[in-house]
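Structure data follow from my_file08.cif (mmCIF, C-alpha atoms):
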data_model
loop_
_atom_site.label_atom_id
_atom_site.label_comp_id
_atom_site.auth_asym_id
_atom_site.auth_seq_id
_atom_site.Cartn_x
_atom_site.Cartn_y
_atom_site.Cartn_z
CA MET Y 178 9.10 -10.68 6.97
CA ALA Y 179 10.08 -8.11 4.39
CA LYS Y 180 13.43 -9.07 2.96
CA SER Y 181 15.11 -6.49 0.80
CA ARG Y 182 15.46 -7.40 -2.84
CA GLY Y 183 17.62 -5.37 -5.20
CA LYS Y 184 18.33 -2.65 -2.60
CA THR Y 185 21.98 -2.44 -1.58
CA LYS Y 186 23.31 -1.22 1.73
CA ALA Y 187 24.74 1.85 -0.04
CA ASP Y 188 21.26 2.83 -1.32
CA GLU Y 189 19.83 2.71 2.18
CA ARG Y 190 22.62 4.86 3.63
CA LYS Y 191 22.12 7.31 0.76
CA LEU Y 192 18.39 7.53 1.54
CA LEU Y 193 19.04 8.51 5.16
CA ALA Y 194 21.84 10.92 4.18
CA GLU Y 195 19.44 12.77 1.85
CA LEU Y 196 16.80 13.20 4.55
CA GLU Y 197 17.88 16.66 5.78
CA ASP Y 198 17.80 18.18 2.29
CA ALA Y 199 14.47 16.47 1.68
CA LYS Y 200 13.00 17.97 4.88
CA SER Y 201 13.99 21.47 3.67
CA GLU Y 202 12.40 20.90 0.29
CA VAL Y 203 9.14 19.69 1.82
CA THR Y 204 8.99 22.61 4.26
CA GLN Y 205 9.64 25.10 1.45
CA MET Y 206 6.96 23.68 -0.82
CA PHE Y 207 4.26 23.64 1.87
CA GLU Y 208 5.23 27.17 2.86
CA ALA Y 209 5.03 28.31 -0.78
CA LEU Y 210 1.55 26.82 -1.06
CA ARG Y 211 0.44 28.41 2.19
CA THR Y 212 1.65 31.90 1.20
CA GLY Y 213 0.27 31.62 -2.32
CA ALA Y 214 3.70 31.72 -3.93
CA ILE Y 215 2.63 28.62 -5.87
CA SER Y 216 -0.84 27.47 -6.86
CA GLU Y 217 -2.40 24.26 -5.65
CA ASP Y 218 -1.95 22.80 -9.16
CA GLU Y 219 1.76 23.60 -9.10
CA PHE Y 220 2.03 22.04 -5.67
CA LYS Y 221 0.30 18.88 -6.87
CA GLN Y 222 2.63 18.70 -9.88
CA TRP Y 223 5.60 18.83 -7.50
CA TRP Y 224 3.96 16.17 -5.31
CA GLN Y 225 3.41 13.86 -8.31
CA ALA Y 226 6.95 14.35 -9.54
CA ARG Y 227 8.86 14.28 -6.26
CA VAL Y 228 6.85 12.60 -3.50
CA ALA Y 229 4.42 10.08 -4.97
CA PHE Y 230 5.83 6.73 -6.01
CA LYS Y 231 4.66 3.75 -8.02
CA GLY Y 232 3.20 1.09 -5.81
CA ARG Y 233 0.60 -0.83 -7.75
CA GLY Y 234 -1.27 -3.21 -5.51
CA PHE Y 235 0.52 -1.99 -2.40
CA LEU Y 236 -2.54 -0.47 -0.76
CA ARG Y 237 -4.70 -3.43 -1.73
CA SER Y 238 -2.30 -5.91 -0.13
CA MET Y 239 -2.16 -3.76 3.02
CA LEU Y 240 -5.95 -3.75 3.26
CA GLU Y 241 -6.13 -7.49 2.52
CA ARG Y 242 -3.79 -8.21 5.43
CA ARG Y 243 -5.99 -6.16 7.73
CA GLU Y 244 -9.00 -8.06 6.49
CA LEU Y 245 -7.33 -11.38 7.26
CA ALA Y 246 -6.56 -10.13 10.77
CA ARG Y 247 -10.28 -9.55 11.32
CA GLY Y 248 -11.04 -13.19 10.61
CA TRP Y 249 -14.40 -12.48 9.01
CA ASP Y 250 -13.56 -14.90 6.20
CA THR Y 251 -13.53 -18.12 8.23
CA LYS Y 252 -12.58 -20.23 5.19
CA ARG Y 253 -9.09 -18.71 5.28
CA SER Y 254 -8.03 -19.57 8.80
CA LYS Y 255 -4.27 -18.99 8.43
CA SER Y 256 -2.54 -18.14 11.69
CA SER Y 257 -1.18 -14.60 12.19
CA MET U 274 31.55 -17.22 25.87
CA GLY U 275 30.78 -15.29 29.05
CA GLN U 276 28.83 -12.78 27.01
CA GLN U 277 26.75 -15.52 25.42
CA ILE U 278 25.80 -17.06 28.77
CA GLN U 279 24.80 -13.62 30.06
CA ALA U 280 22.75 -12.92 26.96
CA GLU U 281 20.88 -16.19 27.44
CA LYS U 282 19.73 -15.02 30.89
CA LYS U 283 18.22 -11.96 29.24
CA ALA U 284 15.61 -12.49 26.61
CA VAL U 285 13.55 -10.47 24.21
CA VAL U 286 10.54 -12.38 22.96
CA ASN U 287 8.42 -11.78 19.95
CA ALA U 288 4.66 -11.61 20.55
CA SER U 289 4.29 -14.78 18.50
CA VAL U 290 6.13 -16.71 21.24
CA PHE U 291 3.43 -15.79 23.79
CA LEU U 292 0.71 -16.49 21.25
CA THR U 293 2.23 -19.87 20.43
CA ALA U 294 1.86 -20.82 24.07
CA ILE U 295 -1.87 -20.00 24.12
CA LEU U 296 -2.90 -21.30 20.70
CA VAL U 297 -3.57 -24.98 21.14
CA ASP U 298 -3.22 -25.82 17.43
CA GLU U 299 0.35 -24.52 17.04
CA PRO U 300 3.10 -27.14 16.40
CA LYS U 301 4.08 -29.03 19.56
CA GLU U 302 7.84 -28.35 19.35
CA VAL U 303 7.30 -24.57 19.31
CA ARG U 304 4.68 -24.68 22.05
CA GLN U 305 6.94 -26.66 24.35
CA GLY U 306 9.79 -24.20 23.93
CA ALA U 307 7.44 -21.25 24.38
CA PHE U 308 5.91 -22.71 27.55
CA GLN U 309 9.31 -23.45 29.04
CA LEU U 310 10.60 -19.95 28.34
CA LEU U 311 7.47 -18.31 29.73
CA GLN U 312 7.70 -20.46 32.89
CA ASP U 313 11.36 -19.53 33.33
CA ILE U 314 10.46 -15.87 32.91
CA VAL U 315 7.69 -16.01 35.52
CA ALA U 316 10.08 -17.90 37.83
CA GLN U 317 12.58 -15.09 37.17
CA LYS U 318 15.27 -17.48 35.91
CA VAL U 319 15.31 -15.33 32.76
CA THR U 320 14.92 -11.55 32.58
CA ILE U 321 12.51 -10.49 29.90
CA HIS U 322 12.63 -7.27 27.90
CA ILE U 323 9.82 -6.27 25.57
CA PRO U 324 8.84 -3.17 23.61
CA ASP U 325 5.63 -1.48 24.80
CA ARG U 326 3.74 -2.59 21.74
CA PHE U 327 4.26 -6.27 22.61
CA GLU U 328 0.99 -6.14 24.55
CA ASP U 329 -0.87 -4.80 21.48
CA GLU U 330 0.58 -7.47 19.27
CA VAL U 331 -0.40 -10.29 21.63
CA LEU U 332 -3.91 -8.87 22.05
CA GLY U 333 -4.16 -8.37 18.30
CA GLY U 334 -3.34 -12.03 17.80
CA LEU U 335 -5.74 -13.05 20.54
CA VAL U 336 -8.63 -11.06 19.04
CA GLU U 337 -7.87 -12.62 15.66
CA ALA U 338 -7.83 -16.11 17.15
CA VAL U 339 -11.15 -15.55 18.92
CA THR U 340 -12.79 -14.16 15.76
CA LYS U 341 -11.52 -17.09 13.69
CA GLY U 342 -12.65 -19.61 16.27
CA ARG U 343 -9.16 -21.01 16.85
CA PRO U 344 -8.83 -23.13 19.97
CA ILE U 345 -7.17 -21.17 22.77
CA LEU U 346 -5.88 -22.32 26.12
CA ALA U 347 -8.38 -20.40 28.26
CA THR U 348 -11.05 -17.72 27.96
CA PRO U 349 -10.02 -14.37 26.41
CA THR U 350 -10.44 -12.72 29.81
CA ALA U 351 -8.22 -15.29 31.53
CA ILE U 352 -5.56 -14.90 28.85
CA PHE U 353 -5.74 -11.11 29.17
CA SER U 354 -5.08 -11.50 32.91
CA ALA U 355 -2.20 -13.93 32.28
CA LEU U 356 -0.69 -11.44 29.84
CA GLN U 357 -0.89 -8.69 32.47
CA ARG U 358 0.93 -10.96 34.98
CA PHE U 359 3.61 -11.64 32.38
CA ILE U 360 4.02 -7.96 31.56
CA ARG U 361 4.42 -7.13 35.26
CA VAL U 362 7.63 -9.21 35.44
CA ALA U 363 8.95 -7.73 32.19
CA THR U 364 11.10 -4.68 31.61
CA ILE U 365 9.09 -2.61 29.19
CA HIS U 366 10.87 -0.45 26.64
CA HIS U 367 8.79 2.62 25.81
CA ARG U 368 8.47 4.48 22.55
CA SER U 369 10.33 7.81 22.46
CA ILE U 370 12.07 6.99 25.75
CA ASP U 371 13.81 3.64 25.27
CA TRP U 372 13.42 3.27 21.53
CA HIS U 373 12.81 5.73 18.74
CA ALA U 374 11.07 5.24 15.43
CA GLU U 375 14.02 6.69 13.56
CA GLU U 376 16.54 4.15 14.94
CA VAL U 377 14.11 1.31 14.25
CA LEU U 378 13.68 2.58 10.69
CA GLN U 379 17.46 2.78 10.21
CA ALA U 380 17.89 -0.74 11.63
CA ALA U 381 15.13 -2.10 9.39
CA LEU U 382 16.82 -0.65 6.31
CA ARG U 383 20.32 -1.70 7.42
CA TRP U 384 19.42 -5.29 8.32
CA ARG U 385 16.80 -5.52 5.56
CA VAL U 386 14.05 -6.73 7.82
CA SER U 387 10.55 -5.47 8.52
CA TYR U 388 10.08 -2.47 10.80
CA TYR U 389 8.27 -4.76 13.22
CA ASP U 390 11.17 -7.27 13.39
CA ALA U 391 13.67 -4.42 13.65
CA LEU U 392 11.98 -3.06 16.76
CA TYR U 393 12.50 -6.30 18.70
CA LEU U 394 16.07 -6.67 17.39
CA VAL U 395 16.90 -3.09 18.43
CA VAL U 396 15.62 -3.74 21.97
CA ALA U 397 17.64 -6.99 22.16
CA GLN U 398 20.73 -5.18 20.89
CA LYS U 399 20.35 -2.37 23.45
CA VAL U 400 20.11 -4.70 26.45
CA GLY U 401 22.42 -7.44 25.21
CA ALA U 402 19.66 -10.05 25.22
CA THR U 403 18.95 -13.07 23.05
CA TYR U 404 16.02 -12.57 20.74
CA TRP U 405 13.70 -15.59 20.77
CA THR U 406 11.32 -16.03 17.86
CA ALA U 407 9.20 -18.66 16.15
CA ASP U 408 10.21 -17.22 12.76
CA ARG U 409 12.75 -19.62 11.26
CA LYS U 410 12.89 -17.75 7.94
CA LEU U 411 13.95 -14.56 9.69
CA LEU U 412 16.65 -16.42 11.62
CA ARG U 413 17.98 -18.10 8.50
CA PHE U 414 18.09 -14.78 6.65
CA LEU U 415 19.92 -12.95 9.43
CA GLN U 416 22.34 -15.80 10.12
CA HIS U 417 23.14 -15.96 6.41
CA HIS U 418 23.84 -12.23 6.11
CA ARG U 419 25.85 -11.94 9.36
CA PHE U 420 25.34 -8.24 9.97
CA PRO U 421 27.99 -7.30 12.57
CA ASP U 422 25.74 -5.45 14.99
CA LEU U 423 22.91 -7.93 15.35
CA PRO U 424 21.99 -9.30 18.76
CA LEU U 425 22.07 -13.06 19.48
CA MET U 426 19.00 -14.80 18.11
CA ALA U 427 17.41 -18.19 18.59
CA TRP U 428 14.44 -20.28 17.53
CA ILE U 429 11.92 -20.88 20.31
CA GLY U 430 11.67 -24.55 19.40
CA ASP U 431 15.26 -24.91 20.66
CA TYR U 432 14.59 -23.42 24.08
CA ARG U 433 15.33 -25.82 26.95
CA MET V 65 -20.88 32.53 14.82
CA GLY V 66 -18.68 29.92 16.57
CA HIS V 67 -16.12 28.02 14.60
CA GLN V 68 -16.47 24.29 15.08
CA GLU V 69 -13.20 22.39 14.90
CA VAL V 70 -13.27 19.69 12.23
CA LYS V 71 -11.65 16.60 13.68
CA VAL V 72 -10.55 13.53 11.77
CA VAL V 73 -8.86 10.28 12.61
CA LEU V 74 -7.08 8.86 9.64
CA ASN V 75 -5.77 5.42 9.07
CA ALA V 76 -2.16 4.87 7.91
CA SER V 77 -3.57 3.53 4.62
CA VAL V 78 -5.10 6.98 3.92
CA PHE V 79 -1.73 8.65 4.40
CA LEU V 80 0.02 6.13 2.17
CA ALA V 81 -2.73 6.38 -0.46
CA ALA V 82 -1.84 10.06 -0.97
CA MET V 83 1.70 8.98 -1.86
CA LEU V 84 0.89 6.27 -4.38
CA LEU V 85 0.85 7.16 -8.08
CA ASP V 86 -1.19 4.23 -9.29
CA GLU V 87 -4.05 4.05 -6.81
CA PRO V 88 -7.61 4.84 -7.93
CA LYS V 89 -7.81 8.59 -8.45
CA GLU V 90 -10.77 9.14 -6.09
CA VAL V 91 -8.81 7.53 -3.22
CA SER V 92 -5.55 9.39 -3.80
CA ASP V 93 -7.40 12.67 -4.51
CA GLY V 94 -9.45 12.37 -1.32
CA ALA V 95 -6.32 11.54 0.68
CA MET V 96 -4.43 14.47 -0.88
CA ARG V 97 -7.29 16.89 -0.11
CA MET V 98 -7.30 15.75 3.50
CA LEU V 99 -3.54 16.19 3.85
CA LEU V 100 -3.76 19.71 2.43
CA ASP V 101 -6.56 20.54 4.87
CA ILE V 102 -4.48 19.16 7.74
CA ASP V 103 -1.48 21.21 6.67
CA SER V 104 -3.52 24.42 6.42
CA GLY V 105 -5.16 23.80 9.80
CA LYS V 106 -8.71 23.52 8.42
CA VAL V 107 -8.85 20.05 9.91
CA ILE V 108 -7.28 18.64 13.08
CA ALA V 109 -5.95 15.13 12.64
CA HIS V 110 -5.87 12.76 15.60
CA VAL V 111 -3.90 9.52 15.37
CA PRO V 112 -2.75 6.85 17.80
CA ASP V 113 1.00 6.72 18.40
CA ARG V 114 1.30 3.48 16.45
CA PHE V 115 0.33 5.35 13.25
CA GLU V 116 4.03 6.24 13.01
CA ASP V 117 5.04 2.56 13.08
CA GLU V 118 2.41 1.65 10.52
CA VAL V 119 3.47 4.29 8.01
CA LEU V 120 7.19 3.65 8.47
CA GLY V 121 6.58 -0.09 8.41
CA GLY V 122 4.66 0.30 5.18
CA LEU V 123 7.45 2.35 3.62
CA VAL V 124 10.10 -0.17 4.70
CA GLU V 125 8.02 -2.89 3.08
CA ALA V 126 7.66 -0.85 -0.11
CA ILE V 127 11.45 -0.43 -0.26
CA SER V 128 12.01 -4.13 0.33
CA LYS V 129 9.75 -4.84 -2.67
CA GLY V 130 11.82 -2.54 -4.86
CA ARG V 131 9.42 0.43 -4.91
CA PRO V 132 11.16 3.74 -5.58
CA VAL V 133 10.68 5.33 -2.14
CA SER V 134 12.93 8.36 -1.82
CA ALA V 135 14.05 10.38 1.19
CA ILE V 136 11.43 13.00 0.40
CA VAL V 137 8.66 10.50 1.21
CA PHE V 138 10.04 10.09 4.74
CA ALA V 139 10.49 13.86 4.99
CA THR V 140 6.84 14.36 4.04
CA PHE V 141 5.74 11.95 6.75
CA LEU V 142 7.86 13.81 9.31
CA HIS V 143 6.29 17.12 8.18
CA PHE V 144 2.80 15.81 8.88
CA TRP V 145 3.75 13.94 12.04
CA GLU V 146 4.41 17.31 13.68
CA LYS V 147 0.88 18.44 12.80
CA PHE V 148 -0.96 15.42 14.14
CA ARG V 149 -2.46 15.23 17.63
CA VAL V 150 -0.87 12.00 18.74
CA HIS V 151 -2.69 9.79 21.25
CA SER V 152 -0.31 7.70 23.33
CA ARG V 153 -0.91 4.24 24.71
CA ASN V 154 -1.53 4.15 28.48
CA THR V 155 -2.09 7.91 28.56
CA ASP V 156 -4.82 8.44 25.96
CA TRP V 157 -5.89 4.90 25.20
CA ARG V 158 -5.48 1.65 27.05
CA ALA V 159 -4.97 -1.87 25.79
CA GLU V 160 -7.87 -3.17 27.88
CA GLU V 161 -10.48 -0.81 26.41
CA VAL V 162 -9.24 -1.47 22.88
CA PHE V 163 -9.34 -5.23 23.49
CA GLN V 164 -12.92 -5.03 24.76
CA ALA V 165 -13.94 -2.76 21.89
CA ALA V 166 -12.40 -5.11 19.31
CA LEU V 167 -14.39 -8.05 20.67
CA ARG V 168 -17.58 -6.00 21.04
CA TRP V 169 -17.45 -4.51 17.53
CA ARG V 170 -15.94 -7.68 16.02
CA VAL V 171 -13.08 -5.86 14.34
CA SER V 172 -9.34 -6.36 14.57
CA TYR V 173 -7.46 -4.96 17.57
CA TYR V 174 -5.72 -2.52 15.20
CA ASP V 175 -9.00 -1.25 13.75
CA ALA V 176 -10.27 -0.87 17.30
CA ILE V 177 -7.37 1.39 18.34
CA TYR V 178 -8.34 3.92 15.65
CA LEU V 179 -12.05 3.62 16.37
CA VAL V 180 -11.52 4.09 20.11
CA VAL V 181 -9.42 7.23 19.48
CA ALA V 182 -12.11 8.58 17.13
CA GLN V 183 -14.78 7.83 19.71
CA LYS V 184 -12.86 9.59 22.49
CA VAL V 185 -12.22 12.80 20.53
CA GLY V 186 -15.55 12.85 18.69
CA ALA V 187 -13.90 12.62 15.28
CA THR V 188 -14.90 10.91 12.06
CA TYR V 189 -12.72 7.93 11.24
CA TRP V 190 -11.54 8.11 7.63
CA THR V 191 -10.26 5.01 5.90
CA ALA V 192 -9.59 3.55 2.46
CA ASP V 193 -11.08 0.27 3.68
CA LYS V 194 -14.54 -0.08 2.14
CA LYS V 195 -15.11 -3.56 3.54
CA LEU V 196 -14.61 -2.36 7.09
CA LEU V 197 -17.02 0.52 6.52
CA ARG V 198 -19.65 -1.78 5.05
CA PHE V 199 -19.33 -4.10 8.03
CA LEU V 200 -19.64 -1.30 10.57
CA ARG V 201 -22.66 0.26 8.84
CA GLN V 202 -24.34 -3.11 8.53
CA HIS V 203 -23.96 -3.94 12.19
CA ARG V 204 -24.80 -0.46 13.53
CA PHE V 205 -23.12 -0.81 16.92
CA HIS V 206 -24.56 2.04 19.00
CA ASP V 207 -21.28 3.36 20.40
CA LEU V 208 -19.28 3.52 17.19
CA PRO V 209 -17.80 6.82 16.03
CA ALA V 210 -18.76 8.20 12.63
CA SER V 211 -16.72 6.65 9.84
CA ALA V 212 -16.25 7.47 6.16
CA TRP V 213 -14.47 6.42 3.02
CA ILE V 214 -11.56 8.64 2.00
CA GLY V 215 -12.73 8.71 -1.61
CA ASP V 216 -15.71 10.77 -0.40
CA TYR V 217 -13.60 13.40 1.35
CA ARG V 218 -14.31 16.95 0.10
#

Exercise: express the given structure as structure tokens:
Amino acid sequence: MAKSRGKTKADERKLLAELEDAKSEVTQMFEALRTGAISEDEFKQWWQARVAFKGRGFLRSMLERRELARGWDTKRSKSS
Amino acid sequence: MGQQIQAEKKAVVNASVFLTAILVDEPKEVRQGAFQLLQDIVAQKVTIHIPDRFEDEVLGGLVEAVTKGRPILATPTAIFSALQRFIRVATIHHRSIDWHAEEVLQAALRWRVSYYDALYLVVAQKVGATYWTADRKLLRFLQHHRFPDLPLMAWIGDYR
Amino acid sequence: MGHQEVKVVLNASVFLAAMLLDEPKEVSDGAMRMLLDIDSGKVIAHVPDRFEDEVLGGLVEAISKGRPVSAIVFATFLHFWEKFRVHSRNTDWRAEEVFQAALRWRVSYYDAIYLVVAQKVGATYWTADKKLLRFLRQHRFHDLPASAWIGDYR
């Protein structure tokens, strides 16, 4: 179970409240890339600055959980 | 009080409750509660509501158990058939019709639980059912935080 | 000359890899290239309906662990969700065939959903999961779809 640490209720409401503006920004940036108004490099800079987030080990732990679900490693027979 | 009794007649069960009943090496207290609830459901003493992905989660657990060589109650084929019989007496809540990803996401963030837990809680909330789970940590967390819009919840080991 | 549609099935981990700053560059670059190709229509992406739950579930988990996931991340997912060909349970894939496939190929039920969708549409299944790929190539099940590692996407 993923319990929230350090994230207040107000932060979560704020996140959802910002969604409409965020949708406009995303649509505009993809449109600008498509029409050539911005280069692919500029688009990637925007992506790095605005979309991508730090998540060291996040993907690895996701893949490890999938691996456990396959049960190939019979030494680790923890229940799901 | 009347609302609580009504809620107890309607249940939402987590996939782990079904899996607990078929996995022979699960703790006895949880298995007994799971068996009793499943029997009451099949006997229609309790109305069961489940999200559509319940079936996937049970089968996912079953495949994992088979691959890991865990002792199960019957053959995979027999358990698959038993699951289908169980699903036939259930009210299934379908994605995009009865529940929406966005409301589950909002619930997960509001209650600070996983998306997966939020889905079952949202279904329970919608139908006014008690949510039965084997996850004591989840129950403790939610009971401690007392979010006002949560459905009733209970530990399967307490089911009589 | 006829234009052959390029079809992919991508795993939720591929989508999330494009959004992570500190993943190995080849993985995030490959994932980014694929997303750009999906957006421009060069590639048609097919996903099972549960892809939505897996991505959102992953993002909820990231938030719960204190990762700085902003509204724009969710907005980006919604942008791509509209471009995917979504395969629904009971209509496009059934629990029974996935269950049988999982046992036959000896993979998890969740892996099997993606592989079954890829098989049905004749797409290559792209994943960040090297161990899964190694396993599938080693065992050479005759009815598997093509599969590839996202770091190799060009």

| task | Starting from the displayed file, determine the output of the PyMOL selection byres ((chain U and resi 360-363) around 8) and express the residue list as a list in words. | result | Ile314, Val315, Gln317, Thr320, Ile321, His322, Ile323, Glu328, Leu356, Gln357, Arg358, Phe359, Thr364 and Ile365 of chain U

Per residue of chain V within 12 Å of chain U, what are the shortest atom pair and its distance in Å to one decimal, counting all atoms listed in the file, with rows by chain and residue number, as CSV?
residue,atom,partner,partner_atom,distance
V:Asp113,CA,U:Arg368,CA,8.8
V:Arg114,CA,U:Arg326,CA,8.4
V:Phe115,CA,U:Ala374,CA,11.0
V:Glu116,CA,U:Ala374,CA,7.5
V:Asp117,CA,U:Ala374,CA,7.0
V:Glu118,CA,U:Tyr388,CA,8.7
V:Val119,CA,U:Tyr388,CA,9.9
V:Leu120,CA,U:Leu378,CA,6.9
V:Gly121,CA,U:Tyr388,CA,4.9
V:Gly122,CA,U:Tyr388,CA,8.3
V:Leu123,CA,U:Tyr388,CA,9.0
V:Val124,CA,U:Tyr388,CA,6.5
V:Glu125,CA,U:Ser387,CA,6.5
V:Ala126,CA,U:Ser387,CA,10.2
V:Ile127,CA,U:Leu382,CA,8.5
V:Ser128,CA,U:Arg385,CA,7.2
V:Lys129,CA,U:Arg385,CA,10.9
V:Gly130,CA,U:Arg385,CA,11.9
V:Phe138,CA,U:Leu378,CA,10.2
V:Ala139,CA,U:Glu375,CA,11.7
V:Phe141,CA,U:Glu375,CA,11.9
V:Leu142,CA,U:Glu375,CA,10.3
V:Trp145,CA,U:Ala374,CA,11.9
V:Ser152,CA,U:Arg368,CA,9.4
V:Arg153,CA,U:Asp325,CA,8.7
V:Asn154,CA,U:Asp325,CA,9.8
V:Trp157,CA,U:Asp329,CA,11.5
V:Arg158,CA,U:Asp329,CA,9.7
V:Ala159,CA,U:Asp329,CA,6.6
V:Glu160,CA,U:Phe353,CA,8.3
V:Glu161,CA,U:Leu332,CA,11.3
V:Val162,CA,U:Asp329,CA,9.1
V:Phe163,CA,U:Leu332,CA,6.7
V:Gln164,CA,U:Val336,CA,9.4
V:Ala165,CA,U:Val336,CA,10.3
V:Ala166,CA,U:Val336,CA,7.0
V:Leu167,CA,U:Val336,CA,6.7
V:Arg168,CA,U:Val336,CA,10.5
V:Trp169,CA,U:Thr340,CA,10.9
V:Arg170,CA,U:Thr340,CA,7.2
V:Val171,CA,U:Val336,CA,8.3
V:Ser172,CA,U:Glu337,CA,6.5
V:Tyr173,CA,U:Gly333,CA,4.8
V:Tyr174,CA,U:Gly333,CA,6.8
V:Asp175,CA,U:Gly333,CA,9.7
V:Ala176,CA,U:Gly333,CA,9.7
V:Ile177,CA,U:Asp329,CA,9.5

| message | To one decimal place in Å, what is the distance between CA of Lys194 (chain V) and CA of Pro112 (chain V)? | response | 20.8 Å

Which chain Y residues have any atom within 8 Å of an atom of chain V, and for each, what is the nearest pair of atoms with distance in Å to one decimal, counting all atoms listed in the file, rows sorted by chain and number, as a tab-separated table?
residue	atom	partner	partner_atom	distance
Y:Ala179	CA	V:Glu125	CA	5.8
Y:Lys180	CA	V:Ser128	CA	5.8
Y:Ser181	CA	V:Ser128	CA	3.9
Y:Arg182	CA	V:Ser128	CA	5.7
Y:Gly183	CA	V:Gly130	CA	6.5
Y:Lys184	CA	V:Gly130	CA	6.9
Y:Leu192	CA	V:Ala135	CA	5.2
Y:Leu193	CA	V:Ala135	CA	6.6
Y:Glu195	CA	V:Ala135	CA	5.9
Y:Leu196	CA	V:Ala135	CA	5.2
Y:Glu197	CA	V:Ala139	CA	7.9
Y:Ala199	CA	V:Ile136	CA	4.8
Y:Lys200	CA	V:Ala139	CA	4.8
Y:Glu202	CA	V:Ile136	CA	8.0
Y:Val203	CA	V:Thr140	CA	6.2
Y:Thr204	CA	V:His143	CA	7.3
Y:Phe207	CA	V:Asp103	CA	7.9
Y:Arg211	CA	V:Ser104	CA	7.0
Y:Gln225	CA	V:Leu85	CA	7.2
Y:Arg227	CA	V:Ile136	CA	7.3
Y:Val228	CA	V:Val137	CA	5.5
Y:Ala229	CA	V:Met83	CA	4.3
Y:Phe230	CA	V:Leu84	CA	5.2
Y:Lys231	CA	V:Leu85	CA	5.1
Y:Gly232	CA	V:Leu84	CA	5.8
Y:Arg233	CA	V:Asp86	CA	5.6
Y:Gly234	CA	V:Glu87	CA	7.9
Y:Phe235	CA	V:Ala126	CA	7.6
Y:Leu236	CA	V:Ser77	CA	6.8
Y:Met239	CA	V:Ser77	CA	7.6
Y:Leu240	CA	V:Asp193	CA	6.5
Y:Arg243	CA	V:Ser172	CA	7.6
Y:Ala246	CA	V:Ser172	CA	6.0
Y:Arg247	CA	V:Ser172	CA	4.6

Put those residues in a file: C-alpha atoms, as a short mmCIF file (atom, residue, chain, number, x, y, z; two decimals), in the coordinates of the input.
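Below is the file that was written, result-v2.cif:
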data_model
loop_
_atom_site.label_atom_id
_atom_site.label_comp_id
_atom_site.auth_asym_id
_atom_site.auth_seq_id
_atom_site.Cartn_x
_atom_site.Cartn_y
_atom_site.Cartn_z
CA ALA Y 179 10.08 -8.11 4.39
CA LYS Y 180 13.43 -9.07 2.96
CA SER Y 181 15.11 -6.49 0.80
CA ARG Y 182 15.46 -7.40 -2.84
CA GLY Y 183 17.62 -5.37 -5.20
CA LYS Y 184 18.33 -2.65 -2.60
CA LEU Y 192 18.39 7.53 1.54
CA LEU Y 193 19.04 8.51 5.16
CA GLU Y 195 19.44 12.77 1.85
CA LEU Y 196 16.80 13.20 4.55
CA GLU Y 197 17.88 16.66 5.78
CA ALA Y 199 14.47 16.47 1.68
CA LYS Y 200 13.00 17.97 4.88
CA GLU Y 202 12.40 20.90 0.29
CA VAL Y 203 9.14 19.69 1.82
CA THR Y 204 8.99 22.61 4.26
CA PHE Y 207 4.26 23.64 1.87
CA ARG Y 211 0.44 28.41 2.19
CA GLN Y 225 3.41 13.86 -8.31
CA ARG Y 227 8.86 14.28 -6.26
CA VAL Y 228 6.85 12.60 -3.50
CA ALA Y 229 4.42 10.08 -4.97
CA PHE Y 230 5.83 6.73 -6.01
CA LYS Y 231 4.66 3.75 -8.02
CA GLY Y 232 3.20 1.09 -5.81
CA ARG Y 233 0.60 -0.83 -7.75
CA GLY Y 234 -1.27 -3.21 -5.51
CA PHE Y 235 0.52 -1.99 -2.40
CA LEU Y 236 -2.54 -0.47 -0.76
CA MET Y 239 -2.16 -3.76 3.02
CA LEU Y 240 -5.95 -3.75 3.26
CA ARG Y 243 -5.99 -6.16 7.73
CA ALA Y 246 -6.56 -10.13 10.77
CA ARG Y 247 -10.28 -9.55 11.32
#

| With distances taken over all atoms listed in the file, which of U:Val319, U:Met426, U:Val395, U:Leu412 is nearest to chain Y? | U:Leu412

| request: Name the residues in contact with Val400 (chain U) at a cut-off of 12 Å, using all atoms listed in the file, excluding same-chain residues fewer than 6 positions from it; report them as a PyMOL selection string. | output: chain U and resi 276+279-285+320-324+364-366+371-372+393-394+423-425

| message | I'd like the interatomic distance between CA of Phe148 (chain V) and CA of Arg97 (chain V), to a tenth of an Å. | response |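 Pair CA of Phe148 (chain V) / CA of Arg97 (chain V) returns 15.7 Å.
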
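Take the candidates U:Phe414, U:Phe327, U:Tyr404, U:Phe291 and check each one against chain Y using all atoms listed in the file; the shortest distance goes to U:Phe414.
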
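Ranking U:Asp408, U:Glu302, U:Glu376, U:Asp313 by their shortest atom-to-atom distance to Ala288 (chain U), with only C-alpha atoms included, puts U:Asp408 first.
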
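Pairwise distance (CA of Lys106 (chain V), CA of Val70 (chain V)) equals 7.1 Å.
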
| said: Given the PyMOL selection byres ((chain V and resi 190) around 10) and the file above, list the residues it selects as a list in words. | reply: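 Checking the PyMOL selection byres ((chain V and resi 190) around 10) against this file, the residues are Val72, Val73, Leu74, Asn75, Ala76, Ser77, Val78, Ala95, Met98, Tyr178, Leu179, Ala182, Ala187, Thr188, Tyr189, Thr191, Ala192, Asp193, Leu197, Ala210, Ser211, Ala212, Trp213, Ile214, Gly215, Asp216 and Tyr217 of chain V.
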